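Content type compact mmCIF, C-alpha atoms, from the file target_17.txt:
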# COMPACT_ATOMS: atom_id res chain seq x y z
CA GLU X 1 -80.95 42.34 -65.60
CA ARG X 2 -82.53 40.56 -62.66
CA ASP X 3 -81.65 41.14 -59.04
CA SER X 4 -80.48 37.94 -57.39
CA GLY X 5 -81.89 39.47 -54.22
CA GLU X 6 -82.82 37.34 -51.23
CA PRO X 7 -84.47 33.91 -50.94
CA ASP X 8 -88.05 33.63 -52.05
CA ALA X 9 -89.42 34.29 -48.57
CA GLY X 10 -91.95 37.14 -48.61
CA ALA X 11 -91.22 40.51 -47.07
CA GLY X 12 -93.34 39.67 -44.02
CA SER X 13 -91.88 36.22 -43.32
CA PRO X 14 -89.55 35.53 -40.34
CA GLU X 15 -86.67 34.95 -42.75
CA ALA X 16 -87.19 38.29 -44.45
CA ARG X 17 -87.65 40.17 -41.15
CA ALA X 18 -84.39 38.71 -39.89
CA LYS X 19 -82.63 40.21 -42.89
CA GLU X 20 -84.20 43.66 -42.51
CA GLN X 21 -81.94 46.55 -41.60
CA VAL X 22 -82.62 50.15 -40.71
CA ALA X 23 -79.65 52.18 -41.92
CA GLU X 24 -78.53 55.31 -40.16
CA VAL X 25 -78.50 58.76 -41.74
CA ALA X 26 -75.42 60.96 -41.85
CA ALA X 27 -75.30 64.77 -41.90
CA PRO X 28 -77.21 66.18 -44.88
CA TYR X 29 -75.54 68.42 -47.44
CA ARG X 30 -76.45 70.96 -50.07
CA VAL X 31 -77.51 69.44 -53.36
CA PRO X 32 -77.50 70.81 -56.93
CA LEU X 33 -80.72 72.23 -58.29
CA LEU X 34 -82.96 69.60 -59.88
CA ALA X 35 -85.69 71.28 -61.92
CA ALA X 36 -88.51 70.38 -64.26
CA PRO X 37 -87.77 71.44 -67.84
CA GLY X 38 -89.79 74.09 -69.64
CA VAL X 39 -91.92 76.80 -68.07
CA GLY X 40 -94.88 76.06 -65.82
CA ALA X 41 -97.58 78.05 -64.08
CA GLY X 42 -97.66 76.54 -60.62
CA ALA X 43 -97.64 78.05 -57.13
CA ALA X 44 -94.75 80.34 -56.32
CA GLY X 45 -91.61 78.57 -55.18
CA ARG X 46 -87.90 78.32 -55.83
CA ARG X 47 -87.37 75.37 -58.13
CA SER X 48 -88.52 75.40 -61.76
CA ARG X 49 -89.15 78.23 -64.20
CA SER X 50 -92.72 79.51 -64.34
CA ARG X 51 -94.92 82.30 -65.59
CA SER X 52 -95.28 84.85 -62.82
CA ALA X 53 -96.99 88.16 -62.22
CA HIS X 54 -94.05 89.42 -60.17
CA GLY X 55 -90.94 87.88 -61.73
CA ARG X 56 -88.39 89.43 -64.02
CA GLY X 57 -89.48 90.55 -67.48
CA THR X 58 -88.45 88.15 -70.23
CA GLY X 59 -90.45 89.38 -73.22
CA SER X 60 -93.81 90.65 -74.39
CA ARG X 61 -97.13 89.33 -75.69
CA ARG X 62 -100.52 90.51 -76.83
CA PRO X 63 -102.98 91.01 -73.94
CA ARG X 64 -105.04 87.93 -73.14
CA GLY X 65 -108.07 89.88 -72.01
CA ALA X 66 -109.81 93.19 -72.54
CA GLN X 67 -107.53 94.97 -70.07
CA VAL X 68 -103.76 95.44 -70.11
CA HIS X 69 -102.36 94.79 -66.64
CA ASP X 70 -98.63 95.26 -67.20
CA LEU X 71 -97.87 97.42 -70.24
CA HIS X 72 -94.61 96.70 -72.07
CA ILE X 73 -93.87 100.18 -73.39
CA PRO X 74 -90.97 99.43 -75.77
CA ALA X 75 -92.82 96.53 -77.39
CA THR X 76 -95.96 98.63 -77.74
CA VAL X 77 -93.99 101.44 -79.43
CA LEU X 78 -92.32 98.96 -81.79
CA ALA X 79 -95.70 97.49 -82.73
CA ALA X 80 -97.20 100.90 -83.46
CA ALA X 81 -94.27 102.64 -85.18
CA PRO X 82 -94.49 101.04 -88.67
CA HIS X 83 -98.14 102.17 -89.05
CA GLN X 84 -97.84 105.88 -88.22
CA HIS X 85 -97.88 107.09 -91.84
CA ASP X 86 -100.93 104.99 -92.72
CA ARG X 87 -102.70 106.30 -89.64
CA GLY X 88 -102.12 109.90 -90.69
CA ARG X 89 -99.88 110.88 -87.85
CA VAL X 90 -99.01 114.58 -87.82
CA GLY X 91 -96.64 116.06 -85.25
CA PRO X 92 -95.25 114.45 -82.11
CA GLY X 93 -96.71 111.46 -80.36
CA LEU X 94 -97.77 108.03 -81.61
CA VAL X 95 -101.15 107.08 -82.93
CA LEU X 96 -101.96 103.91 -81.01
CA ARG X 97 -104.54 101.23 -81.67
CA ALA X 98 -105.67 98.52 -79.30
CA ASP X 99 -103.87 95.97 -81.45
CA ASP X 100 -100.53 97.68 -80.69
CA LEU X 101 -100.67 97.07 -76.95
CA ARG X 102 -98.28 94.54 -75.47
CA GLU X 103 -97.99 93.11 -71.97
CA VAL X 104 -94.82 92.18 -70.13
CA VAL X 105 -94.13 88.46 -69.92
CA ARG X 106 -92.61 87.77 -66.53
CA GLU X 107 -90.84 84.68 -65.33
CA GLY X 108 -90.26 83.51 -61.78
CA ARG X 109 -89.92 80.20 -60.00
CA GLU X 110 -92.52 77.67 -58.97
CA GLY X 111 -92.68 74.91 -56.41
CA ASN X 112 -93.11 71.37 -57.70
CA LEU X 113 -94.32 68.05 -56.42
CA VAL X 114 -91.08 66.15 -55.85
CA LEU X 115 -91.93 62.47 -55.64
CA PHE X 116 -89.09 60.36 -54.30
CA VAL X 117 -89.18 56.72 -55.38
CA VAL X 118 -86.62 54.88 -53.29
CA ASP X 119 -85.27 51.39 -53.81
CA ALA X 120 -85.02 49.78 -50.35
CA SER X 121 -84.17 46.27 -51.51
CA GLY X 122 -81.40 43.98 -50.34
CA SER X 123 -79.07 44.98 -53.16
CA MET X 124 -79.23 48.58 -51.96
CA ALA X 125 -78.31 47.59 -48.40
CA ALA X 126 -74.96 46.10 -49.37
CA ARG X 127 -71.75 47.69 -48.09
CA ARG X 128 -73.58 50.34 -46.04
CA ARG X 129 -74.87 51.81 -49.28
CA MET X 130 -78.26 52.57 -47.74
CA THR X 131 -76.73 55.09 -45.33
CA VAL X 132 -75.41 56.98 -48.35
CA VAL X 133 -78.80 56.70 -50.06
CA LYS X 134 -80.80 57.87 -47.04
CA THR X 135 -78.45 60.79 -46.51
CA ALA X 136 -78.80 61.82 -50.14
CA VAL X 137 -82.59 61.62 -50.03
CA LEU X 138 -82.73 63.53 -46.74
CA SER X 139 -80.57 66.23 -48.33
CA LEU X 140 -83.00 66.38 -51.25
CA LEU X 141 -85.95 66.54 -48.85
CA LEU X 142 -84.48 69.54 -47.06
CA ASP X 143 -83.77 71.18 -50.40
CA ALA X 144 -87.41 70.63 -51.41
CA TYR X 145 -88.59 72.27 -48.17
CA GLN X 146 -86.44 75.33 -48.84
CA ARG X 147 -87.75 75.55 -52.39
CA ARG X 148 -91.38 75.36 -51.20
CA ASP X 149 -92.19 72.09 -52.92
CA LYS X 150 -94.64 69.41 -51.97
CA ILE X 151 -92.99 66.06 -51.39
CA GLY X 152 -94.05 62.42 -51.53
CA LEU X 153 -92.25 59.14 -50.88
CA VAL X 154 -92.76 55.76 -52.55
CA THR X 155 -90.55 52.86 -51.48
CA PHE X 156 -90.23 49.39 -52.95
CA ARG X 157 -88.75 46.21 -51.52
CA GLY X 158 -89.70 42.58 -51.04
CA THR X 159 -92.80 41.96 -53.12
CA GLU X 160 -94.48 45.35 -53.33
CA ALA X 161 -94.25 49.12 -53.50
CA THR X 162 -95.63 51.30 -50.74
CA VAL X 163 -96.68 54.93 -50.54
CA ALA X 164 -94.64 55.71 -47.44
CA LEU X 165 -95.71 59.35 -47.54
CA PRO X 166 -98.57 60.78 -49.63
CA PRO X 167 -97.84 64.22 -51.15
CA THR X 168 -97.46 66.76 -48.36
CA SER X 169 -95.64 69.95 -47.45
CA SER X 170 -94.23 68.43 -44.26
CA VAL X 171 -90.52 67.75 -44.57
CA GLU X 172 -90.55 66.52 -40.96
CA ALA X 173 -92.91 63.69 -41.90
CA GLY X 174 -90.76 62.80 -44.89
CA ALA X 175 -87.57 62.76 -42.82
CA ALA X 176 -89.19 60.58 -40.14
CA ARG X 177 -90.41 58.01 -42.69
CA LEU X 178 -87.01 57.99 -44.34
CA ARG X 179 -85.07 57.47 -41.11
CA SER X 180 -87.21 54.48 -40.11
CA LEU X 181 -87.23 52.91 -43.57
CA PRO X 182 -86.12 49.25 -43.41
CA THR X 183 -84.21 47.61 -46.23
CA GLY X 184 -83.92 44.05 -47.48
CA GLY X 185 -85.52 41.57 -49.82
CA ARG X 186 -86.06 41.57 -53.53
CA THR X 187 -86.42 44.54 -55.90
CA PRO X 188 -89.93 45.02 -57.34
CA LEU X 189 -88.82 47.93 -59.54
CA ALA X 190 -91.79 47.66 -61.89
CA ALA X 191 -94.18 47.87 -58.94
CA GLY X 192 -92.37 50.97 -57.66
CA LEU X 193 -92.70 52.73 -61.01
CA ALA X 194 -96.36 51.76 -61.36
CA ARG X 195 -97.17 52.99 -57.86
CA ALA X 196 -95.40 56.28 -58.57
CA ALA X 197 -97.45 56.73 -61.75
CA GLU X 198 -100.66 56.20 -59.78
CA VAL X 199 -99.64 58.73 -57.10
CA LEU X 200 -98.90 61.32 -59.77
CA ARG X 201 -102.18 60.61 -61.59
CA VAL X 202 -104.23 61.22 -58.44
CA GLU X 203 -102.26 64.30 -57.44
CA LYS X 204 -102.70 65.78 -60.93
CA LEU X 205 -106.45 65.75 -60.34
CA ARG X 206 -106.04 67.50 -56.99
CA ASP X 207 -103.49 70.11 -58.04
CA PRO X 208 -103.31 70.33 -61.85
CA ALA X 209 -101.08 73.43 -61.97
CA ARG X 210 -98.28 71.92 -59.87
CA ARG X 211 -95.80 70.10 -62.08
CA PRO X 212 -94.23 66.88 -60.79
CA LEU X 213 -90.57 65.96 -60.63
CA LEU X 214 -89.87 62.26 -60.14
CA VAL X 215 -86.62 61.41 -58.32
CA LEU X 216 -85.91 57.69 -58.64
CA VAL X 217 -83.14 56.41 -56.38
CA THR X 218 -82.00 52.92 -57.39
CA ASP X 219 -79.18 50.77 -58.72
CA GLY X 220 -81.50 49.62 -61.51
CA ARG X 221 -81.50 45.94 -60.57
CA ALA X 222 -84.93 44.38 -60.76
CA THR X 223 -86.44 41.10 -59.58
CA THR X 224 -89.03 41.27 -62.35
CA ASN X 225 -88.03 40.95 -65.99
CA GLY X 226 -87.04 43.88 -68.16
CA ASN X 227 -90.31 43.90 -70.11
CA ASP X 228 -92.30 44.51 -66.92
CA VAL X 229 -90.00 47.39 -65.98
CA ASP X 230 -90.28 48.89 -69.46
CA ARG X 231 -94.08 48.75 -69.36
CA ALA X 232 -94.14 50.40 -65.94
CA ALA X 233 -91.67 53.05 -67.08
CA ASP X 234 -93.91 53.85 -70.04
CA LEU X 235 -96.64 54.86 -67.56
CA LEU X 236 -94.38 57.77 -66.58
CA LYS X 237 -93.68 59.06 -70.07
CA GLY X 238 -93.83 62.83 -70.17
CA THR X 239 -93.01 63.18 -66.46
CA ALA X 240 -89.87 65.15 -65.63
CA ALA X 241 -87.57 62.70 -63.92
CA VAL X 242 -84.13 62.25 -62.41
CA VAL X 243 -82.58 58.84 -61.89
CA VAL X 244 -80.02 58.78 -59.07
CA ASP X 245 -77.75 55.85 -59.88
CA CYS X 246 -76.67 54.08 -56.70
CA GLU X 247 -74.60 51.37 -58.34
CA SER X 248 -71.10 51.10 -56.92
CA GLY X 249 -68.09 48.83 -57.03
CA PRO X 250 -65.58 47.93 -59.71
CA VAL X 251 -68.06 45.91 -61.79
CA ARG X 252 -71.15 47.86 -62.84
CA LEU X 253 -74.04 46.63 -64.95
CA GLY X 254 -75.30 50.06 -66.03
CA LEU X 255 -78.95 49.15 -65.47
CA ALA X 256 -79.86 52.56 -64.05
CA VAL X 257 -78.41 54.14 -67.19
CA ARG X 258 -80.76 52.06 -69.34
CA LEU X 259 -83.69 52.93 -67.09
CA ALA X 260 -82.93 56.66 -67.29
CA ALA X 261 -82.94 56.42 -71.08
CA ARG X 262 -86.31 54.67 -71.01
CA LEU X 263 -87.74 57.40 -68.77
CA ASP X 264 -86.01 60.17 -70.77
CA ALA X 265 -84.64 61.23 -67.40
CA ARG X 266 -81.57 63.07 -66.22
CA LEU X 267 -79.03 60.58 -64.83
CA LEU X 268 -76.94 61.44 -61.78
CA PRO X 269 -74.49 59.17 -59.97
CA ILE X 270 -75.31 59.40 -56.28
CA GLU X 271 -71.87 60.85 -55.62
CA ALA X 272 -72.71 63.83 -57.84
CA LEU X 273 -75.31 65.04 -55.34
CA SER X 274 -72.64 65.90 -52.79
CA GLU X 275 -69.69 66.80 -55.01
CA LEU X 276 -70.55 70.51 -55.00
CA GLY X 277 -72.29 70.50 -51.62
CA HIS X 278 -71.16 71.29 -48.11
CA PRO X 279 -72.33 69.84 -44.78
CA ARG X 280 -75.42 71.48 -43.39
CA LYS X 281 -77.59 71.17 -40.35
CA ALA X 282 -80.95 69.48 -40.70
CA SER X 283 -83.85 71.85 -40.12
Translate the structure described by the file into structure tokens.
Amino acid sequence: ERDSGEPDAGAGSPEARAKEQVAEVAAPYRVPLLAAPGVGAGAAGRRSRSRSAHGRGTGSRRPRGAQVHDLHIPATVLAAAPHQHDRGRVGPGLVLRADDLREVVREGREGNLVLFVVDASGSMAARRRMTVVKTAVLSLLLDAYQRRDKIGLVTFRGTEATVALPPTSSVEAGAARLRSLPTGGRTPLAAGLARAAEVLRVEKLRDPARRPLLVLVTDGRATTNGNDVDRAADLLKGTAAVVVDCESGPVRLGLAVRLAARLDARLLPIEALSELGHPRKAS
């Protein structure tokens, strides 16, 4: 489960720099909706389900305060109807009590923090694979902009993981960092996962209502041993995640599949991102 990678030269050594590549990016495309499960309560957006004051009605509930802001009339009638005889109702009209009142539960869409964690190691650069990867991530970045998400970018290669872009609303900054991202060297997968967990921890303190969605783009090969990767993955337990499997070729090890299971994440082959999409212009 280890990445044979490059020689032991560090990422900053002349040998490693000589092996660095900066892959091009092709035309982006529409991608399928990737959403956090459940229902949140974050800022309005167009990605995941959320409680909303202006969305479509999905049910009813008892008022949470002294005032009723959005009366659900049918539910209120149904709550009051069985008690009319006991309340001495005579003639038309319902006898209502405060306990009968119901509010409308509305559901809309929220924006999320989409944190991209991108494997930029030597194994990902093989056979022009990184062009495919960068194009996929750029497509996801543009999708996040349209859905009013915040985005962040963590990359890992060589000996460490780097926060290439702290959480922001600027898709232009994300696209620029992605286009100039070099590839090469070993695959510190555990470091990438640990750095992602730290970014999400800090951002949770800053914006607790905004739910995160981790998008890990990798072939699953790791320079470090599997135990280190498992421990780092455990730091992300409970985080909604998608693993984009970049493994290709006739012989596949299935390491990204195992990683997705460890993260309890949705698994998508990288080809699946464009299967239902169409070319689009970058904004």
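Our summary of the geometry notes that atom CA of X:Thr183 is positioned 10.8 Å from atom CA of X:Lys134.
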### Task
Using only C-alpha atoms, find the one residue out of X:Ala144, X:Met130, X:Leu205, X:Val117 that sits nearest to X:Val163.
X:Val117
### Message
I want to know what sits within 8 Å of X:Ser274, based on all atoms listed in the file, with residues of the same chain fewer than 5 positions away left out; could you give that as a ChimeraX atom specification?
### Response
/X:29-31,136
Take the residues from that selection and put them in a file with C-alpha atoms, as a PDB file, in the frame of the given file.
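result32.pdb was written with the following content:
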ATOM      1  CA  TYR X  29     -75.540  68.420 -47.440  1.00  0.00           C
ATOM      2  CA  ARG X  30     -76.450  70.960 -50.070  1.00  0.00           C
ATOM      3  CA  VAL X  31     -77.510  69.440 -53.360  1.00  0.00           C
ATOM      4  CA  ALA X 136     -78.800  61.820 -50.140  1.00  0.00           C
TER       5      ALA X 136
END
### Summary
From atom CA of X:Ser248 to atom CA of X:Ala161 the spacing works out at 23.5 Å
#### Entry: Among listed residues X:Ala173, X:Pro212, X:Leu34, X:Arg89, nearest X:Val243 (using all atoms listed in the file)
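Ranked by minimum distance to X:Val243, first place goes to X:Leu34.
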### Query
So how many Å separate atom CA of X:Asp219 and atom CA of X:Cys246, to one decimal?
4.6 Å
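Each of X:Arg157, X:His83, X:Arg109, X:His69 was checked against X:Ser48 using only C-alpha atoms; the smallest atom-to-atom distance is that of X:Arg109.
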### Query
Excluding same-chain residues fewer than 3 positions from X:Arg61, what lies within 12 Å of it counting only C-alpha atoms, as a list in words?
Gly57, Thr58, Arg64, Gly65, Val68, His69, Asp70, Leu71, His72, Ile73, Pro74, Ala75, Thr76, Ala79, Asp99, Asp100, Leu101, Arg102, Glu103, Val104, Val105 and Arg106 of chain X
List every protein, DNA or RNA residue that has at least one atom no more than 9 Å from (-93.2, 82.7, -54.2) in the file's coordinates, counting only C-alpha atoms, and write the result as a JSON list (two decimals) with C-alpha atoms, in the frame of the given file.
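Generated file (part23.json):
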[["chain", "number", "residue", "atom", "x", "y", "z"],
["X", 43, "ALA", "CA", -97.64, 78.05, -57.13],
["X", 44, "ALA", "CA", -94.75, 80.34, -56.32],
["X", 45, "GLY", "CA", -91.61, 78.57, -55.18],
["X", 46, "ARG", "CA", -87.90, 78.32, -55.83],
["X", 108, "GLY", "CA", -90.26, 83.51, -61.78],
["X", 109, "ARG", "CA", -89.92, 80.20, -60.00],
["X", 110, "GLU", "CA", -92.52, 77.67, -58.97],
["X", 111, "GLY", "CA", -92.68, 74.91, -56.41],
["X", 148, "ARG", "CA", -91.38, 75.36, -51.20]]
### Summary
Shortest contact to X:Glu172, candidates X:Ala209, X:Leu142, X:Ala197, X:Ala233, atoms counted only C-alpha atoms, goes to X:Leu142
## Note on the structure
Restricting to only C-alpha atoms, whichever of X:Val171, X:Arg211, X:Ser121, X:Glu247 is closest to X:Gly40 is X:Arg211
### Pick from X:Val244, X:Ala66, X:Val133, X:Ala222 nearest to X:Thr159, counting all atoms listed in the file
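For X:Thr159, the nearest of the given residues is X:Ala222.
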